[in-house]
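Structure file input_35.tsv (TSV, C-alpha atoms and all ligand atoms) is printed below.
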```tsv
chain	number	residue	atom	x	y	z
A	1	MET	CA	25.33	10.90	-19.29
A	2	LEU	CA	25.03	9.15	-22.66
A	3	LEU	CA	24.89	5.81	-20.86
A	4	GLN	CA	22.26	7.17	-18.48
A	5	ASN	CA	20.13	8.40	-21.41
A	6	SER	CA	20.27	5.13	-23.31
A	7	LEU	CA	19.48	3.23	-20.10
A	8	LEU	CA	16.50	5.52	-19.53
A	9	LYS	CA	15.31	4.94	-23.10
A	10	LYS	CA	15.57	1.18	-22.61
A	11	LEU	CA	13.70	1.45	-19.29
A	12	GLY	CA	11.04	3.60	-20.94
A	13	LEU	CA	10.61	1.11	-23.78
A	14	THR	CA	10.34	-1.80	-21.33
A	15	PHE	CA	7.63	0.01	-19.37
A	16	ILE	CA	5.67	0.92	-22.47
A	17	LEU	CA	5.91	-2.69	-23.66
A	18	SER	CA	4.76	-3.99	-20.26
A	19	LEU	CA	1.86	-1.53	-20.23
A	20	PHE	CA	0.88	-2.67	-23.73
A	21	LEU	CA	0.96	-6.30	-22.61
A	22	VAL	CA	-1.16	-5.58	-19.54
A	23	LEU	CA	-3.65	-3.51	-21.54
A	24	ASN	CA	-4.05	-6.41	-23.91
A	25	PHE	CA	-4.02	-9.09	-21.25
A	26	ASN	CA	-7.20	-11.07	-21.20
A	27	PHE	CA	-7.99	-11.06	-17.49
A	28	ALA	CA	-11.41	-12.60	-18.20
A	29	SER	CA	-9.69	-15.80	-19.28
A	30	TYR	CA	-8.69	-16.25	-15.63
A	31	SER	CA	-12.26	-16.02	-14.37
A	32	GLN	CA	-13.61	-19.38	-13.30
A	33	THR	CA	-15.21	-20.52	-16.52
A	34	SER	CA	-15.07	-17.65	-19.03
A	35	GLY	CA	-18.76	-18.21	-19.62
A	36	GLU	CA	-18.39	-21.96	-20.27
A	37	VAL	CA	-19.60	-24.51	-17.76
A	38	PRO	CA	-16.55	-26.65	-16.90
A	39	GLY	CA	-16.69	-29.82	-18.92
A	40	SER	CA	-20.22	-28.85	-20.06
A	41	SER	CA	-21.28	-31.83	-17.95
A	42	LEU	CA	-24.88	-30.68	-17.74
A	43	GLY	CA	-24.94	-29.62	-21.35
A	44	PHE	CA	-25.08	-25.87	-20.64
A	45	ASN	CA	-23.36	-23.28	-22.71
A	46	SER	CA	-23.07	-20.50	-20.16
A	47	ASP	CA	-22.76	-19.80	-16.44
A	48	ALA	CA	-26.10	-17.98	-16.58
A	49	ASP	CA	-27.89	-21.15	-17.79
A	50	LEU	CA	-26.29	-23.22	-15.05
A	51	TRP	CA	-27.20	-20.84	-12.24
A	52	ARG	CA	-30.76	-20.47	-13.58
A	53	TYR	CA	-31.10	-24.25	-13.59
A	54	ILE	CA	-29.82	-24.63	-10.03
A	55	ARG	CA	-31.98	-21.76	-8.77
A	56	GLU	CA	-35.09	-23.09	-10.47
A	57	GLY	CA	-34.36	-26.62	-9.31
A	58	ASN	CA	-33.90	-25.50	-5.75
A	59	LYS	CA	-37.43	-24.08	-5.56
A	60	GLY	CA	-39.19	-27.36	-5.67
A	61	ASN	CA	-36.40	-29.72	-4.79
A	62	THR	CA	-36.26	-30.48	-1.10
A	63	GLN	CA	-33.10	-32.56	-1.57
A	64	LEU	CA	-31.05	-29.40	-2.03
A	65	LYS	CA	-32.34	-27.60	1.05
A	66	ASN	CA	-29.34	-27.89	3.29
A	67	GLU	CA	-26.39	-25.59	3.93
A	68	MET	CA	-24.39	-26.83	0.96
A	69	SER	CA	-27.28	-26.13	-1.40
A	70	ALA	CA	-27.27	-22.55	-0.15
A	71	VAL	CA	-23.60	-22.36	-1.16
A	72	MET	CA	-24.32	-23.99	-4.50
A	73	ILE	CA	-26.78	-21.33	-5.53
A	74	GLN	CA	-24.84	-18.42	-4.08
A	75	SER	CA	-24.58	-16.47	-7.35
A	76	GLU	CA	-22.70	-13.66	-5.56
A	77	GLY	CA	-19.76	-16.06	-5.42
A	78	ASP	CA	-19.53	-15.88	-9.18
A	79	ASN	CA	-19.77	-12.07	-9.05
A	80	TRP	CA	-17.00	-12.01	-6.44
A	81	ARG	CA	-14.77	-14.16	-8.64
A	82	SER	CA	-15.32	-12.04	-11.69
A	83	ILE	CA	-14.62	-8.80	-9.76
A	84	ARG	CA	-11.44	-10.30	-8.27
A	85	ASN	CA	-10.14	-11.66	-11.55
A	86	GLY	CA	-11.57	-8.80	-13.60
A	87	PRO	CA	-11.53	-5.12	-12.54
A	88	LEU	CA	-9.57	-5.62	-9.30
A	89	SER	CA	-6.67	-7.36	-11.07
A	90	ARG	CA	-6.87	-5.18	-14.16
A	91	TYR	CA	-6.97	-1.74	-12.48
A	92	GLY	CA	-4.43	-2.91	-9.90
A	93	ALA	CA	-2.03	-3.80	-12.73
A	94	TYR	CA	-2.64	-0.43	-14.44
A	95	GLY	CA	-1.89	1.35	-11.15
A	96	LEU	CA	1.31	-0.61	-10.50
A	97	ILE	CA	2.69	-0.12	-13.99
A	98	GLY	CA	1.43	3.48	-14.05
A	99	ILE	CA	3.34	4.48	-10.90
A	100	ILE	CA	6.54	2.92	-12.21
A	101	ILE	CA	6.20	4.82	-15.49
A	102	LEU	CA	5.44	8.03	-13.58
A	103	LEU	CA	8.51	7.62	-11.37
A	104	ALA	CA	10.73	6.77	-14.36
A	105	TRP	CA	9.46	9.92	-16.06
A	106	PHE	CA	10.02	12.01	-12.89
A	107	TYR	CA	13.57	10.66	-12.62
A	108	SER	CA	14.32	11.50	-16.24
A	109	TYR	CA	12.88	15.01	-15.72
A	110	ARG	CA	14.31	15.93	-12.30
A	111	GLY	CA	17.09	13.40	-11.76
A	112	ARG	CA	18.15	12.66	-8.20
A	113	ILE	CA	17.15	15.56	-5.95
A	114	LYS	CA	20.49	16.84	-4.64
A	115	VAL	CA	21.42	18.73	-1.49
A	116	ALA	CA	21.70	22.20	-3.13
A	117	LYS	CA	24.45	23.45	-0.82
A	118	GLY	CA	26.27	20.11	-0.76
A	119	PHE	CA	26.93	18.06	2.36
A	120	SER	CA	28.13	20.10	5.36
A	121	GLY	CA	29.78	17.21	7.13
A	122	LYS	CA	27.77	17.99	10.28
A	123	THR	CA	24.80	15.86	11.20
A	124	ILE	CA	21.63	16.12	13.27
A	125	LEU	CA	19.66	13.25	14.82
A	126	ARG	CA	16.45	12.82	12.84
A	127	PHE	CA	15.05	9.49	14.08
A	128	LYS	CA	15.81	7.75	17.38
A	129	ALA	CA	16.43	3.97	17.47
A	130	ILE	CA	12.83	3.24	18.53
A	131	GLU	CA	11.49	5.25	15.56
A	132	ARG	CA	13.74	3.39	13.14
A	133	PHE	CA	12.84	0.04	14.67
A	134	SER	CA	9.11	0.84	14.34
A	135	HIS	CA	9.57	1.96	10.72
A	136	TRP	CA	11.53	-1.12	9.67
A	137	LEU	CA	9.21	-3.53	11.49
A	138	MET	CA	6.28	-2.00	9.63
A	139	ALA	CA	8.18	-1.60	6.32
A	140	GLY	CA	9.90	-5.03	6.29
A	141	SER	CA	6.69	-6.91	7.05
A	142	PHE	CA	4.74	-4.76	4.57
A	143	ILE	CA	7.15	-5.56	1.74
A	144	VAL	CA	6.81	-9.33	2.32
A	145	LEU	CA	3.02	-8.98	2.69
A	146	ALA	CA	2.92	-6.98	-0.56
A	147	LEU	CA	4.99	-9.47	-2.56
A	148	THR	CA	3.12	-12.53	-1.26
A	149	GLY	CA	-0.21	-10.74	-1.69
A	150	LEU	CA	0.64	-9.82	-5.29
A	151	ASN	CA	1.56	-13.45	-5.89
A	152	MET	CA	-1.89	-14.49	-4.64
A	153	LEU	CA	-3.53	-12.12	-7.11
A	154	TYR	CA	-1.25	-12.32	-10.14
A	155	GLY	CA	0.99	-15.35	-9.53
A	156	LYS	CA	-1.29	-17.72	-11.38
A	157	MET	CA	-1.10	-15.51	-14.48
A	158	ILE	CA	2.58	-14.53	-14.34
A	159	LEU	CA	4.66	-17.00	-12.27
A	160	LEU	CA	2.79	-20.27	-12.84
A	161	PRO	CA	3.56	-20.45	-16.59
A	162	ILE	CA	7.23	-19.59	-15.88
A	163	LEU	CA	7.88	-21.75	-12.79
A	164	GLY	CA	5.57	-24.68	-13.45
A	165	PRO	CA	2.98	-26.04	-11.00
A	166	GLU	CA	5.28	-27.70	-8.45
A	167	LEU	CA	7.65	-24.82	-7.75
A	168	PHE	CA	4.82	-22.32	-7.99
A	169	SER	CA	2.68	-24.16	-5.45
A	170	THR	CA	5.65	-24.55	-3.02
A	171	ILE	CA	6.43	-20.82	-3.26
A	172	THR	CA	2.79	-19.84	-2.98
A	173	LEU	CA	2.16	-22.05	0.05
A	174	ALA	CA	5.25	-20.68	1.85
A	175	GLY	CA	4.12	-17.18	0.84
A	176	LYS	CA	0.68	-17.79	2.27
A	177	TYR	CA	2.14	-18.78	5.65
A	178	ALA	CA	4.45	-15.75	5.60
A	179	HIS	CA	1.47	-13.54	4.72
A	180	ASN	CA	-0.66	-14.92	7.56
A	181	TYR	CA	2.00	-14.63	10.27
A	182	LEU	CA	3.81	-11.43	9.24
A	183	ALA	CA	0.46	-9.64	9.33
A	184	PHE	CA	0.88	-9.52	13.12
A	185	ALA	CA	4.36	-7.96	12.87
A	186	PHE	CA	2.90	-5.34	10.51
A	187	MET	CA	0.13	-4.50	12.98
A	188	VAL	CA	2.66	-4.05	15.82
A	189	GLY	CA	4.96	-1.88	13.63
A	190	LEU	CA	1.98	0.17	12.48
A	191	GLY	CA	0.82	0.81	16.06
A	192	MET	CA	4.35	1.76	17.20
A	193	SER	CA	4.88	4.13	14.24
A	194	PHE	CA	1.53	5.75	15.00
A	195	VAL	CA	2.54	6.44	18.60
A	196	CYS	CA	5.99	7.76	17.55
A	197	TRP	CA	4.81	10.14	14.84
A	198	VAL	CA	1.18	11.12	15.24
A	199	SER	CA	1.99	14.38	17.06
A	200	HIS	CA	4.18	15.51	14.11
A	201	ASN	CA	1.52	14.74	11.52
A	202	ILE	CA	-1.31	17.05	12.55
A	203	PRO	CA	-2.22	19.13	9.47
A	204	SER	CA	-1.27	22.83	9.68
A	205	LYS	CA	-1.40	26.00	7.55
A	206	LEU	CA	2.21	25.39	6.47
A	207	ASP	CA	1.01	22.34	4.56
A	208	ILE	CA	-1.05	24.53	2.22
A	209	ASP	CA	2.05	26.58	1.25
A	210	TRP	CA	4.02	23.37	0.79
A	211	ILE	CA	1.37	21.96	-1.55
A	212	GLN	CA	1.06	25.27	-3.46
A	213	GLN	CA	4.81	25.16	-4.13
A	214	GLY	CA	4.58	21.53	-5.27
A	215	GLY	CA	6.81	20.60	-2.34
A	216	GLY	CA	9.76	22.04	-4.27
A	217	LEU	CA	9.80	18.80	-6.23
A	218	PHE	CA	9.64	20.47	-9.61
A	219	ASP	CA	11.91	23.43	-8.94
A	220	GLU	CA	15.51	23.03	-7.80
A	221	LYS	CA	15.55	26.40	-6.01
A	222	SER	CA	12.30	26.14	-4.09
A	223	HIS	CA	12.42	24.74	-0.56
A	224	PRO	CA	9.04	25.33	1.07
A	225	PRO	CA	9.35	25.49	4.87
A	226	ALA	CA	8.44	22.40	6.86
A	227	ARG	CA	8.67	21.09	10.40
A	228	LYS	CA	9.53	17.42	11.11
A	229	PHE	CA	7.18	16.16	8.38
A	230	ASN	CA	6.06	18.07	5.27
A	231	ALA	CA	2.57	17.86	3.72
A	232	GLY	CA	3.56	15.05	1.34
A	233	GLN	CA	4.86	12.97	4.22
A	234	LYS	CA	1.72	13.67	6.23
A	235	VAL	CA	-0.32	12.27	3.33
A	236	VAL	CA	1.87	9.14	3.36
A	237	PHE	CA	1.58	8.88	7.15
A	238	TRP	CA	-2.24	9.11	7.26
A	239	ALA	CA	-2.69	6.87	4.21
A	240	VAL	CA	-0.45	4.22	5.80
A	241	MET	CA	-2.12	4.54	9.22
A	242	LEU	CA	-5.75	4.53	8.03
A	243	GLY	CA	-5.16	2.12	5.13
A	244	GLY	CA	-2.99	-0.08	7.37
A	245	PHE	CA	-5.69	-0.16	10.06
A	246	SER	CA	-8.41	-0.98	7.56
A	247	ILE	CA	-6.37	-3.68	5.81
A	248	SER	CA	-5.56	-5.18	9.22
A	249	LEU	CA	-9.27	-5.41	10.05
A	250	SER	CA	-10.20	-7.03	6.74
A	251	GLY	CA	-7.15	-9.31	7.06
A	252	TRP	CA	-8.34	-10.33	10.52
A	253	ALA	CA	-11.74	-11.21	9.07
A	254	LEU	CA	-10.03	-13.35	6.41
A	255	LEU	CA	-7.75	-15.07	8.95
A	256	PHE	CA	-10.67	-15.93	11.22
A	257	PRO	CA	-13.47	-16.51	8.71
A	258	PHE	CA	-17.20	-16.35	9.43
A	259	GLU	CA	-16.69	-14.76	12.84
A	260	THR	CA	-17.15	-11.05	12.12
A	261	GLN	CA	-19.88	-8.87	10.65
A	262	MET	CA	-17.72	-5.82	10.02
A	263	MET	CA	-18.95	-5.28	6.46
A	264	SER	CA	-22.65	-5.26	7.35
A	265	LYS	CA	-21.90	-2.98	10.33
A	266	THR	CA	-19.89	-0.63	8.08
A	267	PHE	CA	-22.73	-0.61	5.53
A	268	GLY	CA	-25.13	0.22	8.39
A	269	LEU	CA	-22.99	3.24	9.30
A	270	LEU	CA	-22.75	4.33	5.64
A	271	ASN	CA	-26.54	4.08	5.34
A	272	MET	CA	-26.79	6.64	8.13
A	273	VAL	CA	-25.05	9.18	5.86
A	274	GLY	CA	-27.22	8.59	2.83
A	275	PHE	CA	-26.04	5.32	1.29
A	276	ASN	CA	-28.48	2.54	0.58
A	277	LEU	CA	-26.53	-0.69	1.04
A	278	SER	CA	-27.88	-4.06	2.09
A	279	THR	CA	-26.91	-4.92	5.66
A	280	ASP	CA	-28.49	-8.35	5.41
A	281	LEU	CA	-25.32	-10.15	4.30
A	282	THR	CA	-24.70	-13.87	4.57
A	283	THR	CA	-21.46	-14.95	6.23
A	284	LEU	CA	-20.11	-15.88	2.79
A	285	GLN	CA	-20.93	-12.48	1.34
A	286	GLU	CA	-19.15	-10.91	4.32
A	287	GLN	CA	-16.02	-12.89	3.42
A	288	GLN	CA	-16.23	-12.00	-0.26
A	289	LEU	CA	-16.60	-8.29	0.44
A	290	GLN	CA	-13.75	-8.40	2.97
A	291	GLN	CA	-11.53	-10.06	0.37
A	292	ILE	CA	-12.31	-7.50	-2.33
A	293	TRP	CA	-11.77	-4.60	0.11
A	294	HIS	CA	-8.51	-6.19	1.33
A	295	GLY	CA	-7.32	-6.35	-2.29
A	296	ILE	CA	-8.31	-2.75	-3.11
A	297	VAL	CA	-6.65	-1.23	-0.02
A	298	GLY	CA	-3.58	-3.44	-0.48
A	299	LEU	CA	-3.08	-2.37	-4.10
A	300	VAL	CA	-3.58	1.34	-3.31
A	301	LEU	CA	-1.05	1.12	-0.45
A	302	ILE	CA	1.49	-0.76	-2.58
A	303	ILE	CA	1.23	1.86	-5.34
A	304	LEU	CA	1.74	4.67	-2.80
A	305	ILE	CA	4.61	2.89	-1.07
A	306	ILE	CA	6.47	2.33	-4.36
A	307	ALA	CA	6.57	6.14	-4.69
A	308	HIS	CA	7.61	6.48	-1.02
A	309	ILE	CA	10.45	3.99	-1.41
A	310	TYR	CA	11.66	5.84	-4.52
A	311	ILE	CA	11.80	9.23	-2.79
A	312	GLY	CA	13.32	7.77	0.39
A	313	SER	CA	16.19	6.11	-1.50
A	314	LEU	CA	17.11	6.64	-5.17
A	315	GLY	CA	15.04	9.81	-5.65
A	316	MET	CA	16.62	12.05	-3.01
A	317	GLN	CA	20.24	12.37	-1.99
A	318	GLY	CA	20.74	12.10	1.78
A	319	ALA	CA	17.19	10.93	2.62
A	320	PHE	CA	17.94	7.26	3.34
A	321	ASP	CA	20.38	8.14	6.17
A	322	ALA	CA	17.39	9.23	8.26
A	323	MET	CA	16.14	5.66	8.47
A	324	ASN	CA	19.57	4.04	8.29
A	325	THR	CA	21.81	5.62	10.93
A	326	GLY	CA	19.18	8.11	12.10
A	327	GLU	CA	21.63	11.00	11.52
A	328	VAL	CA	21.12	13.32	8.52
A	329	ASP	CA	23.36	16.03	7.12
A	330	ARG	CA	22.46	19.46	8.52
A	331	ASN	CA	22.29	21.02	5.03
A	332	TRP	CA	19.83	18.33	3.90
A	333	ALA	CA	17.79	18.91	7.04
A	334	LYS	CA	17.78	22.72	6.63
A	335	GLU	CA	16.69	22.45	2.99
A	336	HIS	CA	13.83	20.02	3.58
A	337	HIS	CA	12.82	20.58	7.21
A	338	GLY	CA	14.22	24.03	8.08
A	339	LEU	CA	11.71	24.83	10.85
A	340	TRP	CA	12.33	21.46	12.49
A	341	VAL	CA	16.12	22.17	12.57
A	342	GLU	CA	15.41	25.54	14.24
A	343	GLU	CA	13.18	23.81	16.84
A	344	GLU	CA	15.83	21.16	17.54
A	345	ASP	CA	18.61	23.77	17.85
A	346	GLN	CA	16.45	25.79	20.23
A	347	LYS	CA	15.77	22.67	22.35
A	348	ALA	CA	19.52	21.94	22.46
A	349	LYS	CA	20.26	25.53	23.55
A	350	ASN	CA	17.64	25.31	26.32
A	351	THR	CA	19.10	22.06	27.66
A	352	ASP	CA	22.62	23.57	27.48
A	353	LYS	CA	21.40	26.58	29.50
A	354	LYS	CA	19.77	24.33	32.10
A	355	GLY	CA	23.00	22.32	32.28
A	356	SER	CA	25.19	25.43	32.72
A	357	VAL	CA	22.92	26.77	35.50
A	358	LYS	CA	23.13	23.43	37.28
A	359	GLN	CA	26.86	23.02	36.92
A	360	PRO	CA	28.10	25.73	39.34
A	361	ALA	CA	25.82	24.31	42.05
A	362	GLU	CA	27.35	20.81	41.79
A	401	LIG	C1	12.85	-0.04	1.26
A	401	LIG	C2	11.77	0.51	1.70
A	401	LIG	C3	11.68	1.85	2.41
A	401	LIG	C4	12.56	2.89	2.46
A	401	LIG	C5	13.93	3.00	1.80
A	401	LIG	C6	11.96	3.90	3.28
A	401	LIG	C7	12.56	5.10	3.61
A	401	LIG	C8	12.05	6.04	4.48
A	401	LIG	C9	12.72	7.23	4.91
A	401	LIG	C10	14.13	7.63	4.48
A	401	LIG	C11	11.89	7.90	5.73
A	401	LIG	C12	12.19	9.21	6.46
A	401	LIG	C13	12.00	10.41	5.60
A	401	LIG	C14	12.45	11.64	6.35
A	401	LIG	O1	13.54	11.67	6.91
A	401	LIG	O2	11.72	12.62	6.35
A	401	LIG	C15	10.67	7.14	5.83
A	401	LIG	C16	9.55	7.50	6.55
A	401	LIG	C17	8.38	6.81	6.58
A	401	LIG	N1	8.14	5.57	6.02
A	401	LIG	FE1	9.43	4.53	4.87
A	401	LIG	N2	10.73	3.49	3.67
A	401	LIG	C18	10.51	2.23	3.16
A	401	LIG	C19	9.38	1.46	3.30
A	401	LIG	C20	8.24	1.88	3.95
A	401	LIG	C21	7.03	1.11	4.03
A	401	LIG	C22	6.83	-0.25	3.37
A	401	LIG	C23	6.13	1.84	4.76
A	401	LIG	C24	4.73	1.53	5.15
A	401	LIG	C25	4.07	0.47	4.94
A	401	LIG	C26	6.80	3.07	5.14
A	401	LIG	C27	6.21	4.07	5.87
A	401	LIG	C28	6.83	5.23	6.26
A	401	LIG	C29	6.18	6.29	7.00
A	401	LIG	C30	4.71	6.32	7.45
A	401	LIG	C31	7.14	7.28	7.20
A	401	LIG	C32	6.94	8.64	7.89
A	401	LIG	C33	6.28	9.61	6.93
A	401	LIG	C34	7.15	9.91	5.75
A	401	LIG	O3	8.32	10.24	5.91
A	401	LIG	O4	6.64	9.79	4.62
A	401	LIG	N3	8.07	3.05	4.64
A	401	LIG	N4	10.79	6.00	5.06
```
Would you kindly transcribe this structure into structure tokens?
Amino acid sequence: MLLQNSLLKKLGLTFILSLFLVLNFNFASYSQTSGEVPGSSLGFNSDADLWRYIREGNKGNTQLKNEMSAVMIQSEGDNWRSIRNGPLSRYGAYGLIGIIILLAWFYSYRGRIKVAKGFSGKTILRFKAIERFSHWLMAGSFIVLALTGLNMLYGKMILLPILGPELFSTITLAGKYAHNYLAFAFMVGLGMSFVCWVSHNIPSKLDIDWIQQGGGLFDEKSHPPARKFNAGQKVVFWAVMLGGFSISLSGWALLFPFETQMMSKTFGLLNMVGFNLSTDLTTLQEQQLQQIWHGIVGLVLIILIIAHIYIGSLGMQGAFDAMNTGEVDRNWAKEHHGLWVEEEDQKAKNTDKKGSVKQPAE
């Protein structure tokens, strides 16, 4: 216990220190120029002066009127870079560190959620092989996509100074290939998991009770009734399905650049419900918006999945078995999914009855 407490204190201190470092990290220094024109070759002191010069020059200068000149004066590119290296990276880092602190706090407060009645020694089949295969195809590919994606966003700030340019570029290039190809495995796993579980994830009145009782997470004695999936799991399911679908679409647009207009079409739809967004986007702006959206959805999903992984492994005794062997202890199942156990037992009785009616006739 003493060891556990001192370990927790050390963990807590490390998190607080990391948070402090991130809060003080100067993300702006990773923007393209930090306000300085690289090399000051044209004698400008700021990005604004440079862009003004190019824009002004372009008006009367026919030499620049080709496709490349359009790219040269595309000021939105600078906005995109500063959003990516500014708020996107900064708030993403806050979210990632925040969820780890929250989970460390929850663990110190509640400990590992135990099976109140202890293991019964009898099991019940929770997930068939096809369900586990779908889950692990989606989960395995997602974890690699998440790590390689985080490297694309933060690697230059964190790994490059530690590993040096050669090792960092080898790892990043391999990561980029893994990211591109495993995206397809993720999409297949996502589709299969959707088909397996959608019927169990339709919201119901029970979910309101579950939420009102905090899912029993904060009270050892409370076990709000649930069928196969409780309200918390339904939130995870729909977030993964909708977020996974959206991130797949934006990923597709990034894999096959300049071929889709999904952003301008989405903006068109949003304008129909009261927004006022420009639908006249250049192909480059499409790509930039897809990239920012891909980053936002990716970070939100990673933050959510860190919590999911915690509760499916370290955070709850007996939970991991469901996705490992597929068989869970009956006491665990009754405590967390009591109504589902009743349904399964009823199904088993019905099949037994059918079997016993058939048998005399054979
Ligand atoms: C090491 C990583 C992971 C572990 C240990 C894990 C564990 C689990 C477990 C034990 C369950 C079943 C819970 C139950 O019996 O009720 C589950 C369900 C599920 N997992 Fe995972 N999982 C992992 C990664 C992921 C990832 C990366 C995703 C999605 C990208 C994901 C999505 C889901 C979904 C949608 C469900 C069904 C809804 C739910 O139970 O929340 N899992 N996972």
Which residues of chain A come within 7 Å of ligand LIG 401 (chain A), and for each one, what is the closest pair of atoms and their distance in Å to one decimal, counting all atoms listed in the file, sorted by chain and residue number, as CSV?
```
residue,atom,partner,partner_atom,distance
A:Arg126,CA,A:LIG401,O1,6.7
A:His135,CA,A:LIG401,N1,6.1
A:Met138,CA,A:LIG401,C25,5.7
A:Ala139,CA,A:LIG401,C22,3.5
A:Gly140,CA,A:LIG401,C22,6.4
A:Phe142,CA,A:LIG401,C22,5.1
A:Ile143,CA,A:LIG401,C22,5.6
A:Phe229,CA,A:LIG401,O2,6.1
A:Gly232,CA,A:LIG401,O4,6.9
A:Gln233,CA,A:LIG401,O4,3.7
A:Lys234,CA,A:LIG401,C33,6.1
A:Val236,CA,A:LIG401,O4,5.0
A:Phe237,CA,A:LIG401,C30,4.1
A:Val240,CA,A:LIG401,C30,5.8
A:Ile305,CA,A:LIG401,C22,5.9
A:His308,CA,A:LIG401,N2,6.4
A:Ile309,CA,A:LIG401,C4,4.5
A:Gly312,CA,A:LIG401,C10,4.2
A:Ser313,CA,A:LIG401,C5,5.1
A:Ala319,CA,A:LIG401,C10,4.9
A:Phe320,CA,A:LIG401,C10,4.0
A:Asp321,CA,A:LIG401,C10,6.5
A:Ala322,CA,A:LIG401,O1,4.8
A:Met323,CA,A:LIG401,C10,4.9
```
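In this comparison, which uses all atoms listed in the file, the residue of A:His200, A:His337, A:Lys221, A:Lys265 approaching Lys114 (chain A) most closely is A:Lys221.
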*Compile the contact shell of Arg132 (chain A) as a PyMOL selection string: residues with an atom at most 9 Å away, counting all atoms listed in the file, same-chain residues fewer than 2 positions apart removed.*
chain A and resi 127-130+134-137+193+322-326
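From CA of Ser120 (chain A) back to CA of Arg330 (chain A), the distance works out to 6.5 Å.
Ranking A:Met316, A:Ala93, A:Val297, A:Ile202 by their shortest atom-to-atom distance to Trp332 (chain A), with all atoms listed in the file included, puts A:Met316 first.
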_Can you tell me which residues surround region 147-158 of chain A at a distance of at most 7 Å, considering only C-alpha atoms, apart from same-chain residues fewer than 4 positions away, and format the answer as a PyMOL selection string?_
chain A and resi 89+143+175-176+179
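Interatomic distance, CA of Val195 (chain A) to CA of Leu242 (chain A): 13.6 Å.
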